[in-house]
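Student: The structure's right below; bear with me while I get my questions together.
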Amino acid sequence: MKVAVLLVILTLLASCAEVQEKAKQPQSFRYQGEFYPSFMPECRISIQADKGVGQIKLTIAKDLESETAVALDSLPLNATDLALFYTSLDSVRLLELVTNTSYPPGTDGITVYNTVTQDGKQSKFHFWSPRRNSPEHRVVDAVMGLARRKFISQRLQEYFEDLEQYFDHPLPCKITNTSPLEVRIYGTVEYMQEGELVKFMKSLPSDKPILIDVTNYKQGPSYCYPSFKELVTRNNQVVWVSASASSWNVKQLEEIGVPSSSVTSTLEAGRNRLKELFGKPL
């Protein structure tokens with residue numbers, strides 16, 4: 001009897017929590033962000049939602065005002081997509097944000113113009129190169145996070161990687177697969193992130209095959225060289241995926257001891273080479 005009563009109470013509590021969570025989400029929501037980076041194509045990200053379903057639209061153009069799109073796509077959003085988006089906004093009160101003039105525009109940065117309409121109320125604000133943990137940066141994290149989860153083509157993922165560099169970005173090194181172990185390094189590593197890079201590279205195993213994708217990595221050798229050299233020295237089972245856009249081409253990889261046979265130009269070729277050289281399954 002006591003167990004039954006307890007189950008009823010727990011069910012009611014869970015139901016109340018769900019109702020409260022839904023209450024936090026607006027019934028009607030519209031967001032439009034226009035991103036103007038200094039030295040790469042501009043983009044517009046539009047998000048709309050009504051009663052738990054919605055759509056995200058992406059426009060990339062050399063000049064948004066000309067409407068001559070380099071890329072244009074839109075995808076539906078379900079309740080899970082929207083819940084993740086609203087959660088990532090955390091405690092940001094979008095309708096209360098105002099234009100931030102604390103950091104005036106510079107020659108190398110990004111300006112973001114935002115328009116938010118939520119349950120009939122509207123707010124417009126813009127900011128330039130926001131600092132991490134600021135409300136403005138959390139807006140960027142939420143919007144770009146949703147866009148990256150939905151637009152998964154390599155071309156668009158590389159665009160988001162490049163756009164990320166204009167913000168207070170985390171170390172651009174990610175483990176993207178565990179069997180086999182795959183690592184993607186992209187963009188640039190800031191000087192103050194050198195310690196993080198050293199720690200990340202040392203965390204990679206010495207006795208297992210690794211596929212490292214540097215196709216969109218634009219950091220020159222400089223302070224990255226010792227970390228890459230250290231990995232190559234202690235692990236001879238590393239295959240690299242490089243491209244002409246990468247600062248780590250075949251020649252530079254050879255300088256740190258990587259044989260040309262361990263360098264490929266696509267992920268698929270890299271996985272096959274990993275299997276050829278070290279007999280590991282794909």
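Residue numbering restarts at 1 for every chain of the structure tokens, chains are lettered A, B, ... in their displayed order, and ligands are numbered from 1 as they appear.
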Could you give me, as an MDAnalysis selection string, the residues within 8 Å of range 192-197 of chain A, counting only C-alpha atoms and dropping anything in the same chain fewer than 5 positions from it?
Tutor: chainID A and resid 171 173 223:224 227
Student: Please give the complete set of residues from range 107-224 of chain A that DSSP, run on the backbone, assigns to strand (DSSP E or B), formatted as number ranges by chain.
Tutor: A: 110-118, 121-128, 173-178, 181-185, 187, 210-213, 217
Student: Set out as a tab-separated table a contact list for range 146-210 of chain A and range 125-141 of chain A with a cut-off of 12 Å, giving each residue of range 146-210 of chain A that qualifies its closest atom pair and distance in Å to one decimal, counting only C-alpha atoms, ordered by chain and rising residue number.
Tutor:
residue	atom	partner	partner_atom	distance
A:Leu146	CA	A:Asp141	CA	8.4
A:Ala147	CA	A:Asp141	CA	9.9
A:Arg148	CA	A:Asp141	CA	10.2
A:Arg149	CA	A:Asp141	CA	11.9
A:Phe160	CA	A:Asp141	CA	11.4
A:Leu163	CA	A:Val140	CA	10.8
A:Glu164	CA	A:Asp141	CA	9.3
A:Gln165	CA	A:Ser129	CA	10.3
A:Tyr166	CA	A:Ser129	CA	6.9
A:Phe167	CA	A:Ser129	CA	5.9
A:Asp168	CA	A:Arg132	CA	5.5
A:His169	CA	A:Arg132	CA	7.8
A:Pro170	CA	A:Arg132	CA	9.4
Student: Between CA of Gln237 in chain A and CA of Lys275 in chain A, what is the distance in Å, rounded to a tenth?
Tutor: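 Separation of CA of Gln237 in chain A and CA of Lys275 in chain A: 10.5 Å.
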Student: Give me the residues near range 261-265 of chain A as a list of chain:residue names, where near means some atom within 7 Å (using only C-alpha atoms) and where sequence neighbours in that chain fewer than 6 positions away do not count.
Tutor: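 Answer for this query is A:Val239, A:Trp240, A:Val241, A:Ser242, A:Ala243, A:Val250.
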Student: Store the residues of this selection in a file with C-alpha atoms, as a short mmCIF file (atom, residue, chain, number, x, y, z; two decimals), in the first residue's frame.
Tutor:
data_model
loop_
_atom_site.label_atom_id
_atom_site.label_comp_id
_atom_site.auth_asym_id
_atom_site.auth_seq_id
_atom_site.Cartn_x
_atom_site.Cartn_y
_atom_site.Cartn_z
CA VAL A 239 46.91 8.44 -39.80
CA TRP A 240 46.33 12.07 -40.75
CA VAL A 241 43.64 13.52 -43.02
CA SER A 242 44.83 16.78 -44.57
CA ALA A 243 43.75 19.14 -47.35
CA VAL A 250 51.95 16.61 -46.35
#
Student: So that I can check the surroundings of Asn235 in chain A, please list as a list in words every protein, DNA and RNA residue that reaches within 10 Å of it, counting only C-alpha atoms and ignoring chain neighbours fewer than 4 positions away.
Tutor: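 So, after excluding close chain neighbours, the residues are Leu204, Pro205, Ser206, Asp207, Lys208, Pro209, Ile210, Lys229, Glu230 and Leu231 of chain A.
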Student: Mind checking which residues fall within 6 Å of range 62-73 of chain A, counting only C-alpha atoms, ignoring those fewer than 4 positions away in the same chain, and posting them as a list in words?
Tutor: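 Near neighbours after the sequence-gap exclusion: Pro41, Glu42, Lys57 and Leu58 of chain A.
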Student: Between A:Pro180, A:Gly279, A:Gly270, A:Pro259, which has the minimum distance to Asn236 in chain A (counting only C-alpha atoms)?
Tutor: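 Of A:Pro180, A:Gly279, A:Gly270, A:Pro259, the one nearest Asn236 in chain A, counting only C-alpha atoms, is A:Pro259.
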Student: I need the alpha helix (DSSP H) residues of range 5-243 of chain A per DSSP on the backbone, written as a VMD selection string.
Tutor: chain A and resid 5 to 24 79 to 89 135 to 150 154 to 164 194 to 203 225 to 234
Student: Can you work out which one of A:Ile256, A:Ile175, A:Val112, A:Met144 has the shortest atom-to-atom distance to Met201 in chain A, counting only C-alpha atoms?
Tutor: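 Of A:Ile256, A:Ile175, A:Val112, A:Met144, the one nearest Met201 in chain A is A:Ile175, counting only C-alpha atoms.
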Student: Which of these, A:Gln118, A:Tyr186, A:Arg155, A:Asp162, has the shortest distance to Lys51 in chain A once you count only C-alpha atoms?
Tutor: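 Among A:Gln118, A:Tyr186, A:Arg155, A:Asp162, it is A:Gln118 that comes nearest to Lys51 in chain A.
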Student: Which is closer to Val198 in chain A than all the others in A:Leu75, A:Phe228, A:Glu182, A:Tyr217, using only C-alpha atoms?
Tutor: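 Closest to Val198 in chain A of all the choices is A:Phe228.
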Student: Hey, what's within 7 Å of Pro172 in chain A if we count only C-alpha atoms and toss same-chain stuff fewer than 3 positions away? As a list in words, please?
Tutor: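 Contacts, in chain order: Ile185, Tyr186, Gly187 and Val189 of chain A.
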Student: Could those residues be written to a file, using N, CA and C atoms, as a short mmCIF file (atom, residue, chain, number, x, y, z; two decimals), in the first residue's frame?
Tutor:
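Generated file (part38.cif):
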data_model
loop_
_atom_site.label_atom_id
_atom_site.label_comp_id
_atom_site.auth_asym_id
_atom_site.auth_seq_id
_atom_site.Cartn_x
_atom_site.Cartn_y
_atom_site.Cartn_z
N ILE A 185 40.70 18.44 -35.51
CA ILE A 185 41.33 19.67 -35.05
C ILE A 185 41.10 20.71 -36.16
N TYR A 186 40.56 21.87 -35.79
CA TYR A 186 40.15 22.82 -36.82
C TYR A 186 40.42 24.26 -36.36
N GLY A 187 40.24 25.19 -37.29
CA GLY A 187 40.37 26.61 -36.94
C GLY A 187 41.78 26.96 -36.49
N VAL A 189 44.29 27.60 -32.79
CA VAL A 189 44.47 27.50 -31.35
C VAL A 189 45.07 28.82 -30.87
#
